[in-house]
Structure formats: C-alpha cells, structure tokens
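In what follows, a structure is listed as structure tokens, so that the remarks can point back to it.
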Amino acid sequence: MSIFASVLFLVLLVAGMIRWLRWLGVLQQKEYRIDRLWLFLSSGEGVKELLRVVPLPSDFTRTGLKRPKLTSRIIAVLVVSFGTSIGLYLILWYLLSIIDIPVHGYLVPSISAGLIVLFLPLIVLLSALPTAVISQVMTRMYLQRAAALLAKHSPTVVGITGSYGKTSTRQLLTHCIGQCQSVFSPPHSYNTKLGIANSILAGYHGQSIVLLEFGAYAPGEIKALAEYFPPDMVMLTGFSPQHVGLFGSEDAIAVAKAELVQAAPQGALVFYNADDKGVQRILDAAGRTDIKTVPYERTHHGEWLYPHLTEQATAEFEWMGERVTTRIVGMHYLSNLSGAVTVARQLGCVGEKIIESIREYKPSEHVIKLYTTKNDVTILDDGDTANPQGFLAALDVLAALPQKPKVVLTPGIIDLSTSSDQIHTQIARKAAPFVNQVLYVGESGQAAFKSIFGELCLTSVPEIQQAIRNLPSGSVLCIEGRLPSWVTKEIDTLG
C-alpha cells in the first residue's frame, strides 16, 4: 500500500469513528424511536448531519464531539454496529478485489472504508433493531409486575398529563400530600412505560396515594400506559404544540392527552388548568359527560390575594390571613401550585398543613432556578426542558429582573415541525425589547432568532464561548432548554 493510500485510509478511519460516535449520540438522544429519528432526518439539522461526512475542527475536542452516554443499550448497539461495519468492510474489500474495476488495487481498502463511512448512519440505526425487540419484551414484563403490585394494595392513582408542567405539578403535589398521607411519586421526570414500571417496582411499598405522569409522543401511548395503571383522578396541566412534529397536528395532541381522561372511571374528578384555555381542547376531545371537571388557576379560586414576585423573583401571596412566601421562581408556577393544593385538599389535607408544605418546598432541577455566580452573574436556569409556554414564561421572569445586560442562551425548541419558524419568531419578538444578546447553540429556530436579533444572535462555538466568559458583573444569563455538554462546562467556569 502506498503512502497516499495509507494516509487516505487513516483519514477515512478517523472520519468514520467520529461519524459513528455522533450517530450513536443521535440515536440515544432521540430515545431509539423511529418517529423521532424520522422527524430529525426530515429537518434541516438532520439533513445537515446526514450529509456531514467530513469532521469539523470542533469534533476533535472533548466538548465539541457529540457522543452517547454509556448505557447497557447503547453498548449493545455499539457492539453490533461495530461488528456489522467490520463484516461489511471485509465483504466490500473482497468484492472489489475480484471485480474488474478501473482503479489501482491499493485503493480498494480506502474505497471499502469510504463506503462504510458513507452508510454508517444506516448501519447504526439498523443495529438498534435487536435492542428494540428486547426492550419491548422487558418493558411488558416490568409493566405487568408493577401493575400487579399496585393492584395488591389498591392505592388512589392520580394521573397527570399535559404538554408541559407535569413534573413540577407532580412534585408540588407530592410535597403537599406528604404532609397528611403516604404518597408514592416516581423520581425525576419518569413518564414512560419502562420508567414508571421500574420506579414502582423499586420504590412502591404500599403507599395510599400514587402520583404518575403520563407522557406521549404519539396517540395511543397514554391509552396503553393507562391500561396498566388506570387513574382514579386526572390532572390536566396545560396544552401547547410541543412535539407537534411527532403528533402530526395540534388536534392529535389533544386526542392523545384526552386518552387519560377516557381511562378514568365514571364520576371521576378531572382537575384542569383554567389559566390555559387550550386545555379545553383536551376535555372536548375526551367527550366525557360522566365525569366531574374541577378548574384551578393562579389565584386559587380567588383565595390567594396579591400574588407577586419578590426581589428574588420568587412567588408570594396572602392566604388565610398569612403571607405565604415560596421558593418558586416565576408567577407561572402558581397555576401548578394551585392544582397541587386543589387536589391535596380533595384528598383530605388541611390548609394549615398545606401552607407549611408550600413554605418548605424546595424546587427540584425541573423548575426554574435563580442563582448568582462568584463573578456576580445572575443565572436564570430553565435548562431542564424547553416548550413554547415555558420559554415565554421564563422571558417574563427575565423581563422582571433588574440586572443588565440580559442574555438568552438556548438550543431552541425541537419537534415543532412546520410550526417551528412561527413559534420561534413569536418568542424572539417577545424577547427583542429587553434582551441584549442571544447565544444560540441549536439549529431549530435559529433562523427565526437571527431574523429578529441579527448580529446580536451568536451561533458559532468560539463566539458563544467568548461571550459566556466575558459576561459582565451584574448581568443576567437566561438558560432555556437542555444545553450541549461543552456549553454546560463553560457556564460551570463562572462559579
């Protein structure tokens, strides 16, 4: 093999390794789901990733290289895809060697390697199919065991669904009910079949109240989950076009969320967020006339007086003659809190205990956090997830803060399909009057923000890194959505 052929083969090997790792990361990020992968491949970001064969300089850095987290499933895909690639490479090498082609023989290994690099995304995706079958079998087994465990103790199951606010509402409700009854609530934001089943098997020990989130990316998923864990009560936290690209339409989202209402027994209580007018679409889609709907809203049926934000941007109000100061950042969470309090009272918890629980509640990582770094930069962190309502609510908090300049750091909102430009433009227009700079680390919605902010919207890695490092004392950085690891590490340097 000549020096040229050796160098070419080495270059292709490096490019293949990077492309392989990136597509393993994509597969894991899209939760191994065909619908999410297809939506990604149909987007501009996905097409760009599919066509990106030549590595970028950032791919050779620890922070810039996209790679998966090592789990048992991704390791299985890694092994299968690696073995498949080697096998296909040897087959191609053999075929090219015996076929009369107009190239020098020493280029055959490089041509074989080049073809493998080109088709690596397909190899990775096909290699995930065996794990999908295994996952389905194991999930069904865990679901049956978890359902049997709940049936043995017959707890009151409160099912929570909506386009946003599920986890924060469930955690608030867990805290409120925990003052007066035994309650089980899964950790983190588990709302899928396997996540819920595993959490029940690991943590349920006969508690009288069980709080479960029901999440979905497509119609039928909540219905299937509710067959194992039918709800006695239902909470509807909100409606938005989140993941509309996966559902296909807003009507399909309403139908999917309505499946939880349809699974409730006759006469069941269905609590719904009256601050979000879109929730009525879910109720209409359910078509139930034999249930009792109970609205809740920010002022808690008019009982919470003078709701406002403190200087620390936490919600505060008066109730039952007492000032109730929370640790919750942002007025929009009062809707979630009102829903939690409404259900807690229905389950027998009294006002005094609930007030005490509200004051003691420490928000988790699933709600907005506000803190100041050692460099006196204020961080408004809503980085757990991103949805249209949540982004707009975070901007309301940002606008109320006195710190300047105000900087927004976001990857945008994914899975919005054809609604992406419209939604991101709406958000960018709301931010424009008071936001001084935008650091955009994603593809979805980037063009919309660029059209509104122009040069004030930075998109390159070096520019964003420099902007984070140069945040002036007294400024505020609003984080909206989950960030790449290299951005997180930059923020950590602020202290």
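So you can find residues: chains in the structure tokens are A, B, ... in the order shown, residues in each start at 1, and ligands are numbered from 1 in order.
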
Sorted by chain and rising residue number, which residues of segment 266-371 of chain A lie within 12 Å of segment 386-390 of chain A, and what are their closest atom pairs and distances in Å to one decimal, counting only C-alpha atoms, as a Markdown table?
```
| residue | atom | partner | partner_atom | distance |
| --- | --- | --- | --- | --- |
| A:Asp275 | CA | A:Gln389 | CA | 11.8 |
| A:Asp276 | CA | A:Gln389 | CA | 9.7 |
| A:Gly278 | CA | A:Gln389 | CA | 11.5 |
| A:Gly330 | CA | A:Gly390 | CA | 10.4 |
| A:Met331 | CA | A:Gly390 | CA | 11.6 |
| A:His332 | CA | A:Gly390 | CA | 8.7 |
| A:Tyr333 | CA | A:Gly390 | CA | 10.0 |
| A:His366 | CA | A:Ala386 | CA | 10.8 |
| A:Val367 | CA | A:Gly390 | CA | 9.8 |
| A:Ile368 | CA | A:Gly390 | CA | 9.5 |
```

Any chance you can output those residues with N, CA, C and O atoms as a short mmCIF file (atom, residue, chain, number, x, y, z; two decimals), in the first residue's frame?
```cif
data_model
loop_
_atom_site.label_atom_id
_atom_site.label_comp_id
_atom_site.auth_asym_id
_atom_site.auth_seq_id
_atom_site.Cartn_x
_atom_site.Cartn_y
_atom_site.Cartn_z
N ASP A 275 -56.07 28.46 33.60
CA ASP A 275 -55.27 29.57 33.06
C ASP A 275 -54.85 29.31 31.62
O ASP A 275 -54.47 30.24 30.91
N ASP A 276 -54.88 28.06 31.20
CA ASP A 276 -54.52 27.67 29.84
C ASP A 276 -55.81 27.29 29.10
O ASP A 276 -56.36 26.22 29.32
N GLY A 278 -56.26 26.36 26.22
CA GLY A 278 -56.11 25.22 25.33
C GLY A 278 -56.48 23.89 25.97
O GLY A 278 -56.76 22.92 25.26
N GLY A 330 -40.89 32.55 39.53
CA GLY A 330 -41.82 32.77 38.41
C GLY A 330 -43.27 32.64 38.82
O GLY A 330 -43.66 31.71 39.52
N MET A 331 -44.09 33.59 38.35
CA MET A 331 -45.51 33.59 38.68
C MET A 331 -46.26 32.44 38.02
O MET A 331 -47.28 31.98 38.52
N HIS A 332 -45.76 31.96 36.87
CA HIS A 332 -46.49 30.93 36.13
C HIS A 332 -46.62 29.62 36.91
O HIS A 332 -47.54 28.84 36.67
N TYR A 333 -45.71 29.40 37.87
CA TYR A 333 -45.80 28.17 38.66
C TYR A 333 -46.95 28.20 39.66
O TYR A 333 -47.27 27.16 40.26
N HIS A 366 -36.24 20.45 37.94
CA HIS A 366 -37.21 20.51 36.86
C HIS A 366 -37.96 21.84 36.80
O HIS A 366 -38.89 21.99 36.01
N VAL A 367 -37.59 22.79 37.64
CA VAL A 367 -38.22 24.11 37.60
C VAL A 367 -37.13 25.17 37.47
O VAL A 367 -35.94 24.90 37.65
N ILE A 368 -37.54 26.39 37.18
CA ILE A 368 -36.58 27.49 37.01
C ILE A 368 -35.83 27.73 38.31
O ILE A 368 -36.41 27.76 39.39
#
```

According to DSSP computed on the backbone, where in segment 194-425 of chain A is there strand (DSSP E or B)? Give the residues as an NGL selection string. :A and (209-213 or 233-236 or 269-273 or 292-296 or 305-309 or 314-319 or 322-329 or 369-372 or 378-382 or 406-410)

Do you know which residues are at most 7 Å from segment 72-86 of chain A counting only C-alpha atoms, after dropping those on the same chain fewer than 4 positions away, and could you put them as an MDAnalysis selection string? chainID A and resid 90 116 123:124 127:128 131

Could you dump the residues just selected with C-alpha atoms as a PDB file, in the first residue's frame?
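Result file follows (out-v2.pdb):
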```
ATOM      1  CA  LEU A  90     -14.369  -7.217   4.602  1.00  0.00           C
ATOM      2  CA  ILE A 116     -18.779   2.178   5.184  1.00  0.00           C
ATOM      3  CA  ILE A 123     -25.719   0.770   9.935  1.00  0.00           C
ATOM      4  CA  VAL A 124     -26.173   2.345  13.381  1.00  0.00           C
ATOM      5  CA  SER A 127     -28.097  -2.198  14.595  1.00  0.00           C
ATOM      6  CA  ALA A 128     -30.578  -0.775  17.123  1.00  0.00           C
ATOM      7  CA  THR A 131     -32.315  -3.920  21.182  1.00  0.00           C
TER       8      THR A 131
END
```

May I have a table of the residues of segment 166-227 of chain A lying at most 7 Å from segment 148-157 of chain A, giving each one's closest pair of atoms and their distance in Å to one decimal, counting only C-alpha atoms, ordered by chain and ascending residue number, as a Markdown table?
```
| residue | atom | partner | partner_atom | distance |
| --- | --- | --- | --- | --- |
| A:Gly206 | CA | A:His153 | CA | 5.8 |
| A:Gln207 | CA | A:Pro155 | CA | 6.8 |
| A:Ser208 | CA | A:Pro155 | CA | 4.7 |
| A:Ile209 | CA | A:Thr156 | CA | 4.9 |
| A:Val210 | CA | A:Val157 | CA | 4.8 |
| A:Leu211 | CA | A:Val157 | CA | 6.0 |
```

Would you kindly return, as an MDAnalysis selection string, each protein, DNA or RNA residue with an atom no farther than 8 Å from any atom of Ala197 of chain A, considering only C-alpha atoms and excluding same-chain residues fewer than 4 positions away? chainID A and resid 139 142:143 145:147 193 201

Residues as selected, C-alpha atoms, written as a PDB file, in the first residue's frame, can you do that?
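Writing the result to part_34.pdb gives the following:
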```pdb
ATOM      1  CA  THR A 139     -40.891  -3.376  29.291  1.00  0.00           C
ATOM      2  CA  TYR A 142     -41.908  -4.934  34.122  1.00  0.00           C
ATOM      3  CA  LEU A 143     -45.299  -3.318  33.426  1.00  0.00           C
ATOM      4  CA  ARG A 145     -45.197  -6.857  37.585  1.00  0.00           C
ATOM      5  CA  ALA A 146     -45.708  -3.191  38.522  1.00  0.00           C
ATOM      6  CA  ALA A 147     -49.435  -3.312  37.752  1.00  0.00           C
ATOM      7  CA  LYS A 193     -43.728   2.750  30.353  1.00  0.00           C
ATOM      8  CA  LEU A 201     -41.031  -1.868  41.423  1.00  0.00           C
TER       9      LEU A 201
END
```

How close does each residue of segment 306-368 of chain A get to segment 221-236 of chain A, giving the shortest atom pair and distance in Å to one decimal for every residue with an atom at most 10 Å away, counting only C-alpha atoms, sorted by chain and residue number, as a tab-separated table?
```
residue	atom	partner	partner_atom	distance
A:Gly339	CA	A:Met235	CA	7.9
A:Ala340	CA	A:Met235	CA	9.2
A:Val343	CA	A:Met235	CA	8.7
```

Export of prior selection with N, CA, C and O atoms as a JSON list (two decimals), in the first residue's frame:
```json
[["chain", "number", "residue", "atom", "x", "y", "z"],
["A", 339, "GLY", "N", -53.08, 23.84, 41.37],
["A", 339, "GLY", "CA", -53.56, 22.50, 41.05],
["A", 339, "GLY", "C", -53.18, 21.50, 42.12],
["A", 339, "GLY", "O", -53.99, 20.66, 42.54],
["A", 340, "ALA", "N", -51.94, 21.60, 42.61],
["A", 340, "ALA", "CA", -51.47, 20.68, 43.65],
["A", 340, "ALA", "C", -52.28, 20.87, 44.93],
["A", 340, "ALA", "O", -52.68, 19.89, 45.59],
["A", 343, "VAL", "N", -55.95, 19.47, 44.59],
["A", 343, "VAL", "CA", -56.01, 18.01, 44.70],
["A", 343, "VAL", "C", -55.71, 17.57, 46.13],
["A", 343, "VAL", "O", -56.36, 16.66, 46.67]]
```

Run DSSP on the backbone and tell me which residues of segment 112-311 of chain A come out as alpha helix (DSSP H); list them as JSON, numbers by chain. {"A": [112, 113, 114, 115, 116, 117, 118, 120, 121, 122, 123, 124, 125, 126, 127, 129, 130, 131, 132, 133, 134, 135, 136, 137, 138, 139, 140, 141, 142, 143, 144, 145, 146, 147, 148, 149, 150, 151, 152, 153, 166, 167, 168, 169, 170, 171, 172, 173, 174, 175, 176, 177, 193, 194, 195, 196, 197, 198, 199, 200, 201, 202, 203, 221, 222, 223, 224, 225, 226, 227, 228, 244, 245, 246, 247, 250, 251, 252, 253, 254, 255, 256, 257, 258, 259, 260, 261, 262, 263, 279, 280, 281, 282, 283, 284, 285, 286]}

Calculated over only C-alpha atoms, which of the candidates A:Glu250, A:Leu37, A:Gly16, A:Gln181 has the smallest distance to Phe119 of chain A?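 Ranking A:Glu250, A:Leu37, A:Gly16, A:Gln181 by distance to Phe119 of chain A, first place goes to A:Gly16.
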
Which segment 195-262 of chain A residues have any atom within 10 Å of an atom of segment 413-423 of chain A, and for each, what is the nearest pair of atoms with distance in Å to one decimal, counting only C-alpha atoms, rows sorted by chain and number, as CSV?
```
residue,atom,partner,partner_atom,distance
A:Tyr217,CA,A:Asp415,CA,9.8
A:Pro241,CA,A:Leu416,CA,7.1
A:Gln242,CA,A:Leu416,CA,6.4
A:His243,CA,A:Asp415,CA,4.6
A:Val244,CA,A:Leu416,CA,5.2
A:Gly245,CA,A:Ser417,CA,4.3
A:Leu246,CA,A:Asp415,CA,6.5
A:Phe247,CA,A:Asp415,CA,9.3
A:Gly248,CA,A:Ser417,CA,8.5
A:Ser249,CA,A:Ser417,CA,9.7
```

Expected file contents, prior selection, C-alpha atoms, as a PDB file, in the first residue's frame:
```
ATOM      1  CA  TYR A 217     -45.096  11.336  21.611  1.00  0.00           C
ATOM      2  CA  PRO A 241     -47.916  22.489  20.261  1.00  0.00           C
ATOM      3  CA  GLN A 242     -44.953  20.800  21.948  1.00  0.00           C
ATOM      4  CA  HIS A 243     -43.839  17.803  19.818  1.00  0.00           C
ATOM      5  CA  VAL A 244     -46.432  18.676  17.159  1.00  0.00           C
ATOM      6  CA  GLY A 245     -43.995  17.332  14.570  1.00  0.00           C
ATOM      7  CA  LEU A 246     -44.360  13.878  16.101  1.00  0.00           C
ATOM      8  CA  PHE A 247     -48.115  14.006  16.670  1.00  0.00           C
ATOM      9  CA  GLY A 248     -48.852  15.460  13.242  1.00  0.00           C
ATOM     10  CA  SER A 249     -51.288  18.171  14.377  1.00  0.00           C
TER      11      SER A 249
END
```

Might you pull out every residue within 12 Å of Ala258 of chain A, with only C-alpha atoms counted and same-chain residues fewer than 4 positions away left off, and present them as number ranges by chain? A: 159-163, 214-216, 219-223, 226, 234-236, 238-239, 251-254, 262-264, 270, 272, 279-288

Interatomic distance between atom CA of Phe184 of chain A and atom CA of Lys166 of chain A?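 Going from atom CA of Phe184 of chain A over to atom CA of Lys166 of chain A, I get 15.5 Å.
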
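Distances to Pro307 of chain A were evaluated for A:Leu10, A:Leu398, A:Leu334, A:Leu88 using only C-alpha atoms, and the minimum falls at A:Leu334.
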
Pick from A:Asp59, A:Glu463, A:Asp376, A:Glu365, whichever lies nearest to Pro187 of chain A using only C-alpha atoms: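 Counting only C-alpha atoms, the residue closest to Pro187 of chain A is A:Glu365.
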
Could you work out how far atom CA of Cys349 of chain A lies from atom CA of Ser182 of chain A, giving the answer in Å with one decimal?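 Here the two named atoms are 11.6 Å from each other.
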
Nearby residues (only C-alpha atoms) at most 7 Å from segment 434-440 of chain A, same-chain spacing under 2 positions excluded, as a tab-separated table (two decimals) with N, CA and C atoms, in the first residue's frame:
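The result, stored in selection35.tsv:
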```
chain	number	residue	atom	x	y	z
A	399	ALA	N	-37.64	39.55	32.14
A	399	ALA	CA	-38.01	40.96	31.97
A	399	ALA	C	-38.17	41.66	33.32
A	405	PRO	N	-26.59	43.68	31.41
A	405	PRO	CA	-27.42	43.31	30.25
A	405	PRO	C	-28.07	41.94	30.44
A	406	LYS	N	-29.09	41.70	29.63
A	406	LYS	CA	-29.82	40.44	29.69
A	406	LYS	C	-29.45	39.60	28.46
A	407	VAL	N	-29.02	38.36	28.72
A	407	VAL	CA	-28.55	37.45	27.66
A	407	VAL	C	-29.36	36.16	27.72
A	408	VAL	N	-29.78	35.69	26.57
A	408	VAL	CA	-30.51	34.42	26.48
A	408	VAL	C	-29.61	33.38	25.83
A	409	LEU	N	-29.52	32.21	26.46
A	409	LEU	CA	-28.74	31.08	25.95
A	409	LEU	C	-29.70	29.92	25.72
A	410	THR	N	-29.81	29.45	24.49
A	410	THR	CA	-30.80	28.41	24.20
A	410	THR	C	-30.41	27.56	22.99
A	411	PRO	N	-30.84	26.29	22.97
A	411	PRO	CA	-30.71	25.46	21.77
A	411	PRO	C	-31.98	25.50	20.93
A	431	ALA	N	-38.84	38.63	23.15
A	431	ALA	CA	-37.56	38.86	23.82
A	431	ALA	C	-36.88	40.14	23.35
A	432	ALA	N	-37.13	40.54	22.11
A	432	ALA	CA	-36.38	41.62	21.48
A	432	ALA	C	-36.36	42.94	22.26
A	442	GLY	N	-28.31	25.71	19.05
A	442	GLY	CA	-29.03	24.66	18.32
A	442	GLY	C	-29.36	25.11	16.91
A	446	GLN	N	-33.14	28.70	14.84
A	446	GLN	CA	-32.02	29.63	14.77
A	446	GLN	C	-32.27	30.74	13.75
A	456	LEU	N	-26.79	40.36	16.88
A	456	LEU	CA	-26.85	40.14	18.33
A	456	LEU	C	-27.14	38.68	18.66
A	457	CYS	N	-27.41	37.86	17.65
A	457	CYS	CA	-27.63	36.42	17.84
A	457	CYS	C	-26.36	35.69	17.41
A	458	LEU	N	-25.60	35.19	18.37
A	458	LEU	CA	-24.35	34.49	18.08
A	458	LEU	C	-24.61	33.00	17.96
A	459	THR	N	-23.97	32.36	16.98
A	459	THR	CA	-24.22	30.94	16.73
A	459	THR	C	-22.96	30.09	16.65
A	464	ILE	N	-19.70	32.03	21.10
A	464	ILE	CA	-20.51	31.75	22.27
A	464	ILE	C	-19.63	31.52	23.50
```
